[in-house]
$ cat my_file.cif   # mmCIF, C-alpha atoms
data_input
#
loop_
_atom_site.label_atom_id
_atom_site.label_comp_id
_atom_site.auth_asym_id
_atom_site.auth_seq_id
_atom_site.Cartn_x
_atom_site.Cartn_y
_atom_site.Cartn_z
CA ALA A 47 -5.52 -19.88 -9.07
CA LEU A 48 -5.36 -19.42 -12.85
CA VAL A 49 -1.57 -19.71 -12.80
CA GLN A 50 -1.73 -22.93 -10.82
CA ALA A 51 -4.50 -24.39 -12.99
CA SER A 52 -2.53 -23.72 -16.16
CA HIS A 53 0.59 -25.47 -14.89
CA ASP A 54 0.40 -28.36 -17.34
CA ILE A 55 0.40 -26.09 -20.41
CA GLY A 56 3.08 -23.71 -19.14
CA ARG A 57 2.39 -21.29 -16.35
CA TRP A 58 2.89 -18.03 -18.23
CA THR A 59 0.12 -18.37 -20.77
CA ILE A 60 -1.66 -15.24 -19.53
CA ALA A 61 -1.31 -11.86 -21.26
CA ALA A 62 1.88 -9.89 -20.70
CA GLY A 63 0.04 -6.99 -19.07
CA ASP A 64 -1.65 -9.23 -16.53
CA LEU A 65 1.58 -11.08 -15.84
CA ALA A 66 3.40 -7.80 -15.27
CA VAL A 67 0.80 -6.71 -12.70
CA TRP A 68 1.20 -9.96 -10.78
CA LEU A 69 5.00 -9.88 -10.86
CA ARG A 70 5.06 -6.23 -9.74
CA ARG A 71 3.00 -7.19 -6.70
CA ARG A 72 5.53 -9.86 -5.86
CA SER A 73 8.36 -7.36 -6.31
CA LYS A 74 6.64 -4.88 -4.01
CA GLU A 75 6.22 -7.52 -1.33
CA ARG A 76 9.86 -8.63 -1.56
CA ARG A 77 10.95 -5.05 -0.98
CA ARG A 78 8.53 -4.60 1.89
CA ILE A 79 9.95 -7.68 3.61
CA ARG A 80 13.57 -6.57 3.04
CA LEU A 81 12.87 -3.12 4.52
CA ALA A 82 10.45 -4.12 7.29
CA ALA A 83 13.01 -3.62 10.07
CA PHE A 84 13.38 0.07 9.21
CA ASP A 85 9.71 0.97 9.79
CA VAL A 86 9.85 3.58 7.02
CA SER A 87 6.95 4.91 4.99
CA THR A 88 6.13 3.94 1.42
CA GLU A 89 7.37 7.35 0.32
CA ALA A 90 10.68 6.83 2.11
CA VAL A 91 11.08 3.42 0.49
CA ALA A 92 10.43 4.97 -2.92
CA LEU A 93 13.07 7.61 -2.15
CA SER A 94 15.66 5.01 -1.20
CA LEU A 95 14.93 3.03 -4.35
CA SER A 96 15.27 6.09 -6.57
CA ALA A 97 18.75 6.54 -5.09
CA VAL A 98 19.89 3.25 -6.65
CA ASP A 99 18.10 3.68 -9.99
CA GLY A 100 21.20 5.21 -11.54
CA LEU A 101 23.16 2.08 -10.62
CA VAL A 102 20.95 -0.33 -12.60
CA PRO A 103 23.05 -2.06 -15.28
CA VAL A 104 22.15 -2.87 -18.88
CA ILE A 105 22.53 -6.60 -19.47
CA ASP A 106 22.81 -7.63 -23.12
CA PRO A 107 20.84 -10.69 -24.31
CA GLY A 108 22.97 -13.80 -24.06
CA SER A 109 24.90 -12.43 -21.07
CA PHE A 110 25.46 -13.49 -17.47
CA ARG A 111 26.58 -10.79 -15.03
CA VAL A 112 27.08 -10.70 -11.27
CA LEU A 113 26.49 -7.73 -8.97
CA VAL A 114 29.35 -7.99 -6.48
CA GLY A 115 29.60 -5.93 -3.31
CA PRO A 116 29.61 -5.92 0.50
CA PHE A 117 26.64 -6.47 2.79
CA GLY A 118 24.16 -3.61 2.61
CA ALA A 119 25.48 -2.17 -0.65
CA GLY A 120 22.07 -2.45 -2.34
CA LYS A 121 22.72 -5.43 -4.61
CA SER A 122 19.23 -6.88 -4.19
CA GLU A 123 17.60 -3.47 -4.68
CA ILE A 124 19.58 -2.86 -7.88
CA ALA A 125 18.60 -6.34 -9.10
CA GLU A 126 14.97 -5.59 -8.21
CA ALA A 127 15.12 -2.36 -10.23
CA TRP A 128 16.54 -4.33 -13.19
CA HIS A 129 13.72 -6.84 -12.80
CA LEU A 130 11.13 -4.03 -12.80
CA ARG A 131 12.70 -2.51 -15.91
CA ALA A 132 12.26 -5.89 -17.60
CA LEU A 133 8.59 -5.84 -16.56
CA ASP A 134 8.18 -2.39 -18.11
CA GLU A 135 9.47 -3.79 -21.41
CA LEU A 136 7.49 -7.06 -21.25
CA ASP A 137 5.32 -7.98 -24.22
CA ASP A 138 3.70 -11.20 -25.43
CA ASN A 139 6.78 -12.29 -27.38
CA GLY A 140 9.78 -11.00 -25.43
CA PRO A 141 11.78 -12.57 -22.59
CA VAL A 142 9.88 -13.40 -19.41
CA PRO A 143 11.23 -11.77 -16.20
CA VAL A 144 11.96 -14.33 -13.48
CA TRP A 145 13.11 -13.81 -9.87
CA ILE A 146 14.76 -16.79 -8.16
CA TYR A 147 16.61 -17.12 -4.86
CA ALA A 148 19.85 -19.06 -5.01
CA ARG A 149 18.80 -21.14 -1.99
CA ASN A 150 15.74 -22.33 -3.95
CA VAL A 151 17.87 -23.23 -6.96
CA ALA A 152 20.13 -25.24 -4.65
CA THR A 153 17.24 -27.24 -3.21
CA GLY A 154 15.08 -27.39 -6.33
CA GLY A 155 17.20 -29.48 -8.66
CA GLY A 156 19.18 -26.80 -10.49
CA LEU A 157 18.64 -23.58 -12.42
CA ASP A 158 16.86 -25.01 -15.46
CA ARG A 159 14.32 -26.79 -13.30
CA ALA A 160 13.76 -23.71 -11.13
CA ILE A 161 13.08 -21.58 -14.22
CA ALA A 162 10.81 -24.23 -15.72
CA ALA A 163 8.83 -24.33 -12.48
CA SER A 164 8.29 -20.57 -12.78
CA VAL A 165 7.58 -20.02 -16.48
CA GLY A 166 6.77 -23.42 -17.97
CA LEU A 167 8.91 -25.70 -20.08
CA GLY A 168 8.39 -24.05 -23.45
CA GLN A 169 8.85 -20.38 -22.64
CA ASN A 170 12.61 -20.39 -22.24
CA ALA A 171 13.22 -21.83 -25.71
CA SER A 172 10.62 -19.75 -27.54
CA ARG A 173 10.82 -16.38 -25.77
CA GLY A 174 13.85 -16.43 -23.51
CA VAL A 175 13.97 -15.27 -19.89
CA GLN A 176 15.46 -12.38 -17.93
CA VAL A 177 16.48 -14.03 -14.67
CA VAL A 178 17.59 -12.58 -11.36
CA ILE A 179 19.38 -15.06 -9.08
CA ASP A 180 19.51 -13.34 -5.71
CA GLY A 181 21.83 -14.38 -2.88
CA LEU A 182 24.61 -16.53 -4.30
CA ASP A 183 26.39 -15.78 -1.02
CA GLU A 184 23.58 -17.53 0.88
CA VAL A 185 24.61 -20.98 -0.38
CA ASP A 186 27.97 -22.72 -0.03
CA GLY A 187 30.75 -21.81 -2.43
CA MET A 188 30.65 -25.00 -4.47
CA THR A 189 26.89 -24.66 -4.98
CA ALA A 190 27.26 -21.00 -5.95
CA GLU A 191 29.86 -21.87 -8.57
CA GLY A 192 27.58 -24.62 -9.90
CA ILE A 193 24.66 -22.19 -10.23
CA ALA A 194 26.91 -19.68 -12.00
CA MET A 195 28.04 -22.39 -14.43
CA ASP A 196 24.40 -23.32 -15.13
CA ALA A 197 23.63 -19.64 -15.79
CA ARG A 198 26.45 -19.39 -18.35
CA VAL A 199 25.21 -22.54 -20.08
CA LEU A 200 21.67 -21.15 -20.09
CA VAL A 201 22.54 -17.89 -21.86
CA ALA A 202 24.89 -19.69 -24.26
CA GLY A 203 22.01 -21.87 -25.44
CA SER A 204 19.34 -19.16 -25.31
CA PRO A 205 20.57 -15.96 -27.02
CA LYS A 206 17.40 -14.10 -26.01
CA SER A 207 18.00 -14.79 -22.33
CA SER A 208 20.05 -12.88 -19.77
CA VAL A 209 20.92 -13.56 -16.13
CA LEU A 210 21.84 -11.15 -13.34
CA ALA A 211 23.02 -12.59 -10.02
CA THR A 212 24.00 -11.01 -6.69
CA ALA A 213 26.87 -12.08 -4.43
CA ARG A 214 29.27 -10.72 -1.86
CA ARG A 215 32.92 -10.47 -2.80
CA GLY A 216 34.90 -13.69 -2.53
CA VAL A 217 32.01 -16.06 -3.25
CA LEU A 218 32.81 -16.53 -6.94
CA PRO A 219 36.11 -16.21 -8.84
CA VAL A 220 36.59 -12.64 -10.08
CA THR A 221 35.79 -12.06 -13.77
CA ASP A 222 35.87 -9.04 -16.09
CA SER A 223 32.09 -9.18 -16.39
CA ASP A 224 31.50 -8.57 -12.66
CA ILE A 225 29.65 -5.38 -11.77
CA ASP A 226 31.08 -3.82 -8.62
CA VAL A 227 28.49 -2.28 -6.28
CA ASP A 228 30.10 0.20 -3.92
CA GLY A 229 26.97 2.08 -2.83
CA LEU A 230 25.81 5.68 -3.09
CA SER A 231 27.87 8.80 -3.44
CA GLU A 232 28.51 10.64 -0.18
CA GLU A 233 26.20 13.45 -1.26
CA ALA A 234 23.35 11.06 -2.13
CA ALA A 235 23.83 9.13 1.13
CA ARG A 236 23.72 12.27 3.28
CA SER A 237 20.66 13.51 1.41
CA LEU A 238 18.84 10.21 1.89
CA VAL A 239 19.64 10.05 5.62
CA GLY A 240 18.59 13.66 6.08
CA THR A 241 15.26 13.15 4.33
CA LEU A 242 14.45 9.95 6.21
CA SER A 243 15.26 11.55 9.58
CA GLY A 244 13.12 14.59 8.90
CA ARG A 245 16.30 16.72 8.71
CA ARG A 246 16.11 17.21 12.46
CA HIS A 247 19.70 16.05 12.85
CA THR A 248 22.96 16.84 11.14
CA THR A 249 25.51 14.39 9.78
CA LEU A 250 28.25 16.99 9.36
CA GLU A 251 30.14 15.84 12.45
CA TRP A 252 30.14 12.17 11.57
CA THR A 253 33.44 10.33 11.35
CA PRO A 254 34.76 9.35 7.91
CA GLN A 255 34.12 5.70 8.80
CA LEU A 256 30.44 6.33 9.54
CA VAL A 257 30.05 8.39 6.36
CA GLU A 258 31.56 5.51 4.40
CA THR A 259 29.12 3.13 6.08
CA ILE A 260 26.01 5.10 5.10
CA ARG A 261 27.10 5.01 1.46
CA ARG A 262 25.60 1.53 1.55
CA PRO A 263 21.83 2.09 1.09
CA PHE A 264 20.95 -0.52 3.73
CA PHE A 265 22.86 1.41 6.38
CA ALA A 266 21.62 4.77 5.12
CA LEU A 267 18.09 3.55 5.79
CA ALA A 268 19.13 2.32 9.22
CA ALA A 269 20.80 5.62 10.07
CA GLY A 270 17.82 7.66 8.91
CA SER A 271 15.41 5.47 10.86
CA LEU A 272 17.56 5.69 14.00
CA LEU A 273 18.01 9.46 13.76
CA ALA A 274 14.26 9.87 13.39
CA THR A 275 13.86 8.37 16.88
CA GLY A 276 16.17 11.02 18.36
CA ALA A 277 19.14 8.68 18.82
CA ALA A 278 22.50 8.97 17.11
CA PRO A 279 24.46 6.10 15.55
CA LYS A 280 28.02 5.56 16.76
CA GLY A 281 29.17 3.37 13.90
CA GLN A 282 28.32 0.38 11.74
CA ALA A 283 28.09 -1.98 14.73
CA GLY A 284 25.64 0.40 16.42
CA LEU A 285 23.45 0.46 13.32
CA ILE A 286 23.38 -3.34 13.15
CA LYS A 287 22.57 -3.56 16.86
CA TYR A 288 19.68 -1.15 16.36
CA LEU A 289 18.32 -3.16 13.42
CA VAL A 290 18.50 -6.47 15.28
CA GLU A 291 16.73 -5.01 18.32
CA ARG A 292 14.02 -3.43 16.18
CA ALA A 293 13.49 -6.51 14.03
CA LEU A 294 13.00 -8.64 17.15
CA ARG A 295 10.60 -6.13 18.68
CA VAL A 296 8.38 -5.76 15.62
CA GLY A 297 8.21 -9.50 14.93
CA SER A 298 4.93 -11.33 15.16
CA SER A 299 3.90 -12.86 18.48
CA ALA A 300 4.77 -16.27 17.06
CA SER A 301 8.35 -15.25 16.33
CA ARG A 302 9.16 -13.08 19.35
CA ILE A 303 12.10 -14.21 21.44
CA PRO A 304 10.92 -14.80 25.02
CA SER A 305 14.39 -15.23 26.46
CA ASP A 306 16.32 -12.11 27.47
CA SER A 307 19.57 -14.05 27.35
CA LEU A 308 18.91 -15.19 23.78
CA PHE A 309 18.04 -11.63 22.81
CA GLU A 310 21.35 -10.36 24.17
CA LEU A 311 23.20 -13.19 22.43
CA LEU A 312 21.68 -12.20 19.09
CA VAL A 313 22.62 -8.56 19.67
CA LYS A 314 26.23 -9.53 20.43
CA LEU A 315 26.30 -11.76 17.36
CA ALA A 316 25.08 -8.89 15.18
CA VAL A 317 27.70 -6.53 16.55
CA THR A 318 30.44 -9.11 16.06
CA LEU A 319 29.40 -9.73 12.45
#

$ encode --input "my_file.cif" --output "structure tokens"
Amino acid sequence: ALVQASHDIGRWTIAAGDLAVWLRRRSKERRRIRLAAFDVSTEAVALSLSAVDGLVPVIDPGSFRVLVGPFGAGKSEIAEAWHLRALDELDDNGPVPVWIYARNVATGGGLDRAIAASVGLGQNASRGVQVVIDGLDEVDGMTAEGIAMDARVLVAGSPKSSVLATARRGVLPVTDSDIDVDGLSEEAARSLVGTLSGRRHTTLEWTPQLVETIRRPFFALAAGSLLATGAAPKGQAGLIKYLVERALRVGSSASRIPSDSLFELLVKLAVTL
């Protein structure tokens, strides 16, 4: 209520410590929503996040970088860890951490307006911002390139600011500043799957293709969750099928799919994708 009431004088007029608490709660909820389909414990989520901590980049002030990688590689989780690091360093004079979804930038009148709506008009010029733009692959290519251009203009005019975006390969033209996200090491992926599954199953007999799949943290979580039920994944398509089925089953009563035919159609779509 305080944030909303202070809109006219710039939303982030509260102390850095209080702001950090509020933004951490938002970060925690974003992660909970992203991982809801896995039905894993808080401890398991913390374990999976620690696995990507070593992949968090250092973004210099005045820079725009893009995390580029395939679906499930952990781009959003790495960006979230970067956002949390910015919160750890937040003070009353330094850059303000901001999390924005590309789809909201696309519908909200551009990047500058989206940032102003989050932190107030004066904060960007006086303190700078540390912005995450998540999901450039969730808007059309022309819009994604426009958002990237706005981000470059932003950091050029605000040397204290930095921007980190996420996108799948092929969405934006390749640049030397891209940060490739290829996932976990095989050892880390096997360890994560084993811990999540209670180590009741072995992954030693898995095919090279399946091992390569679980190097993406998203699929490592799926594999661990599936193994914990006593089932065994057959490949990437099987993991996606499991996630779609589970997500539909655990949905609220308002969002459940009553039609068996529609359910099967969604499963087939997931496998095809």

$ residues_near_point --input "my_file.cif" --point "(13.9, -6.3, -13.7)" --cutoff "9 Å" --atoms "all atoms listed in the file" --output "list in words"
Ile124, Ala125, Glu126, Ala127, Trp128, His129, Leu130, Arg131, Ala132, Leu133, Asp134, Pro143, Val144, Trp145, Gln176, Val177 and Val178 of chain A

$ closest_residue --input "my_file.cif" --among "A:Gly108, A:Leu238, A:Leu136, A:Thr275" --to "Leu200 (chain A)" --atoms "all atoms listed in the file"
A:Gly108

$ closest_atom_pairs --input "my_file.cif" --of "region 196-228 of chain A" --to "region 146-167 of chain A" --cutoff "12 Å" --atoms "only C-alpha atoms" --output "tab-separated table"
residue	atom	partner	partner_atom	distance
A:Asp196	CA	A:Leu157	CA	6.4
A:Ala197	CA	A:Leu157	CA	7.2
A:Arg198	CA	A:Leu157	CA	10.7
A:Val199	CA	A:Asp158	CA	9.9
A:Leu200	CA	A:Asp158	CA	7.7
A:Val201	CA	A:Asp158	CA	11.1
A:Gly203	CA	A:Asp158	CA	11.7
A:Ser204	CA	A:Asp158	CA	11.7
A:Ser207	CA	A:Ile161	CA	11.7
A:Val209	CA	A:Ile146	CA	10.6
A:Leu210	CA	A:Ile146	CA	10.4
A:Ala211	CA	A:Ala148	CA	8.8
A:Thr212	CA	A:Ala148	CA	9.2
A:Ala213	CA	A:Ala148	CA	9.9

$ closest_residue --input "my_file.cif" --among "A:Ser231, A:Ser223, A:Thr241, A:Ser172" --to "Ala119 (chain A)" --atoms "all atoms listed in the file"
A:Ser231

$ resolve_selection --input "my_file.cif" --expression "the PyMOL selection byres ((chain A and resi 239) around 9)" --output "PyMOL selection string"
chain A and resi 234-238+240-245+249+260+266-271+273

$ closest_residue --input "my_file.cif" --among "A:Leu319, A:Ala202, A:Val112, A:Leu311" --to "Val227 (chain A)" --atoms "all atoms listed in the file"
A:Val112

$ atom_distance --input "my_file.cif" --atom1 "CA of Thr189 (chain A)" --atom2 "CA of Val217 (chain A)"
10.2 Å

$ closest_residue --input "my_file.cif" --among "A:Glu232, A:Val317, A:Pro263, A:Trp68" --to "Pro116 (chain A)" --atoms "only C-alpha atoms"
A:Pro263

$ residues_around --input "my_file.cif" --residues "Lys206 (chain A)" --least-positions-apart "3" --cutoff "8 Å" --atoms "all atoms listed in the file" --output "list in words"
Pro107, Gly108, Pro141, Arg173, Gly174, Val175 and Val201 of chain A

$ atom_distance --input "my_file.cif" --atom1 "CA of Leu230 (chain A)" --atom2 "CA of Phe84 (chain A)"
18.4 Å

$ closest_residue --input "my_file.cif" --among "A:Gly63, A:Gly100, A:Gly118, A:Gly192" --to "Asn139 (chain A)" --atoms "only C-alpha atoms"
A:Gly63

$ atom_distance --input "my_file.cif" --atom1 "CA of Ile193 (chain A)" --atom2 "CA of Ile79 (chain A)"
24.9 Å

$ resolve_selection --input "my_file.cif" --expression "the PyMOL selection byres ((chain A and resi 279) around 10)" --output "ChimeraX atom specification"
/A:252,256,268-270,272-273,277-278,280-288

$ closest_residue --input "my_file.cif" --among "A:Val102, A:Ile179, A:Leu289, A:Ala66" --to "Glu135 (chain A)" --atoms "only C-alpha atoms"
A:Ala66

$ decode --input "my_file.cif" --residues "region 58-79 of chain A" --atoms "N, CA, C and O atoms" --output "mmCIF file, in the first residue's frame"
data_model
loop_
_atom_site.group_PDB
_atom_site.id
_atom_site.type_symbol
_atom_site.label_atom_id
_atom_site.label_comp_id
_atom_site.auth_asym_id
_atom_site.auth_seq_id
_atom_site.Cartn_x
_atom_site.Cartn_y
_atom_site.Cartn_z
ATOM 1 N N TRP A 58 10.172 4.003 -5.485
ATOM 2 C CA TRP A 58 11.188 3.485 -4.568
ATOM 3 C C TRP A 58 11.753 4.595 -3.701
ATOM 4 O O TRP A 58 12.895 4.994 -3.819
ATOM 5 N N THR A 59 10.940 5.124 -2.822
ATOM 6 C CA THR A 59 11.403 6.116 -1.871
ATOM 7 C C THR A 59 11.600 5.489 -0.498
ATOM 8 O O THR A 59 11.996 6.164 0.430
ATOM 9 N N ILE A 60 11.330 4.197 -0.362
ATOM 10 C CA ILE A 60 11.518 3.525 0.918
ATOM 11 C C ILE A 60 12.971 3.098 1.057
ATOM 12 O O ILE A 60 13.728 3.076 0.098
ATOM 13 N N ALA A 61 13.381 2.763 2.286
ATOM 14 C CA ALA A 61 14.769 2.417 2.569
ATOM 15 C C ALA A 61 15.191 1.178 1.790
ATOM 16 O O ALA A 61 14.380 0.289 1.515
ATOM 17 N N ALA A 62 16.490 1.116 1.475
ATOM 18 C CA ALA A 62 17.011 0.018 0.673
ATOM 19 C C ALA A 62 16.752 -1.331 1.323
ATOM 20 O O ALA A 62 16.407 -2.305 0.656
ATOM 21 N N GLY A 63 16.909 -1.405 2.647
ATOM 22 C CA GLY A 63 16.695 -2.676 3.332
ATOM 23 C C GLY A 63 15.269 -3.163 3.213
ATOM 24 O O GLY A 63 15.028 -4.358 2.985
ATOM 25 N N ASP A 64 14.318 -2.253 3.351
ATOM 26 C CA ASP A 64 12.912 -2.633 3.217
ATOM 27 C C ASP A 64 12.577 -3.011 1.784
ATOM 28 O O ASP A 64 11.822 -3.953 1.526
ATOM 29 N N LEU A 65 13.130 -2.278 0.841
ATOM 30 C CA LEU A 65 12.912 -2.580 -0.569
ATOM 31 C C LEU A 65 13.452 -3.966 -0.909
ATOM 32 O O LEU A 65 12.817 -4.741 -1.613
ATOM 33 N N ALA A 66 14.640 -4.273 -0.381
ATOM 34 C CA ALA A 66 15.246 -5.574 -0.667
ATOM 35 C C ALA A 66 14.379 -6.712 -0.147
ATOM 36 O O ALA A 66 14.230 -7.745 -0.803
ATOM 37 N N VAL A 67 13.793 -6.536 1.032
ATOM 38 C CA VAL A 67 12.912 -7.566 1.591
ATOM 39 C C VAL A 67 11.731 -7.812 0.671
ATOM 40 O O VAL A 67 11.369 -8.954 0.369
ATOM 41 N N TRP A 68 11.136 -6.739 0.192
ATOM 42 C CA TRP A 68 9.951 -6.849 -0.671
ATOM 43 C C TRP A 68 10.302 -7.510 -1.996
ATOM 44 O O TRP A 68 9.586 -8.388 -2.479
ATOM 45 N N LEU A 69 11.439 -7.105 -2.591
ATOM 46 C CA LEU A 69 11.839 -7.669 -3.873
ATOM 47 C C LEU A 69 12.256 -9.127 -3.740
ATOM 48 O O LEU A 69 12.065 -9.920 -4.664
ATOM 49 N N ARG A 70 12.833 -9.501 -2.601
ATOM 50 C CA ARG A 70 13.180 -10.916 -2.392
ATOM 51 C C ARG A 70 11.917 -11.774 -2.307
ATOM 52 O O ARG A 70 11.917 -12.919 -2.758
ATOM 53 N N ARG A 71 10.886 -11.249 -1.720
ATOM 54 C CA ARG A 71 9.620 -11.999 -1.668
ATOM 55 C C ARG A 71 9.067 -12.217 -3.065
ATOM 56 O O ARG A 71 8.548 -13.291 -3.382
ATOM 57 N N ARG A 72 9.174 -11.208 -3.901
ATOM 58 C CA ARG A 72 8.722 -11.353 -5.281
ATOM 59 C C ARG A 72 9.571 -12.387 -6.022
ATOM 60 O O ARG A 72 9.052 -13.204 -6.789
ATOM 61 N N SER A 73 10.880 -12.353 -5.786
ATOM 62 C CA SER A 73 11.776 -13.319 -6.414
ATOM 63 C C SER A 73 11.426 -14.742 -5.987
ATOM 64 O O SER A 73 11.378 -15.664 -6.812
ATOM 65 N N LYS A 74 11.185 -14.923 -4.702
ATOM 66 C CA LYS A 74 10.828 -16.245 -4.194
ATOM 67 C C LYS A 74 9.548 -16.764 -4.827
ATOM 68 O O LYS A 74 9.444 -17.946 -5.184
ATOM 69 N N GLU A 75 8.584 -15.874 -5.017
ATOM 70 C CA GLU A 75 7.313 -16.296 -5.609
ATOM 71 C C GLU A 75 7.473 -16.621 -7.097
ATOM 72 O O GLU A 75 6.864 -17.563 -7.599
ATOM 73 N N ARG A 76 8.301 -15.852 -7.803
ATOM 74 C CA ARG A 76 8.553 -16.171 -9.216
ATOM 75 C C ARG A 76 9.136 -17.573 -9.347
ATOM 76 O O ARG A 76 8.740 -18.356 -10.216
ATOM 77 N N ARG A 77 10.077 -17.890 -8.489
ATOM 78 C CA ARG A 77 10.706 -19.211 -8.538
ATOM 79 C C ARG A 77 9.711 -20.303 -8.162
ATOM 80 O O ARG A 77 9.710 -21.380 -8.758
ATOM 81 N N ARG A 78 8.878 -20.029 -7.190
ATOM 82 C CA ARG A 78 7.883 -21.035 -6.805
ATOM 83 C C ARG A 78 6.957 -21.344 -7.967
ATOM 84 O O ARG A 78 6.653 -22.511 -8.244
ATOM 85 N N ILE A 79 6.530 -20.312 -8.688
ATOM 86 C CA ILE A 79 5.640 -20.508 -9.832
ATOM 87 C C ILE A 79 6.353 -21.283 -10.939
ATOM 88 O O ILE A 79 5.777 -22.195 -11.541
#
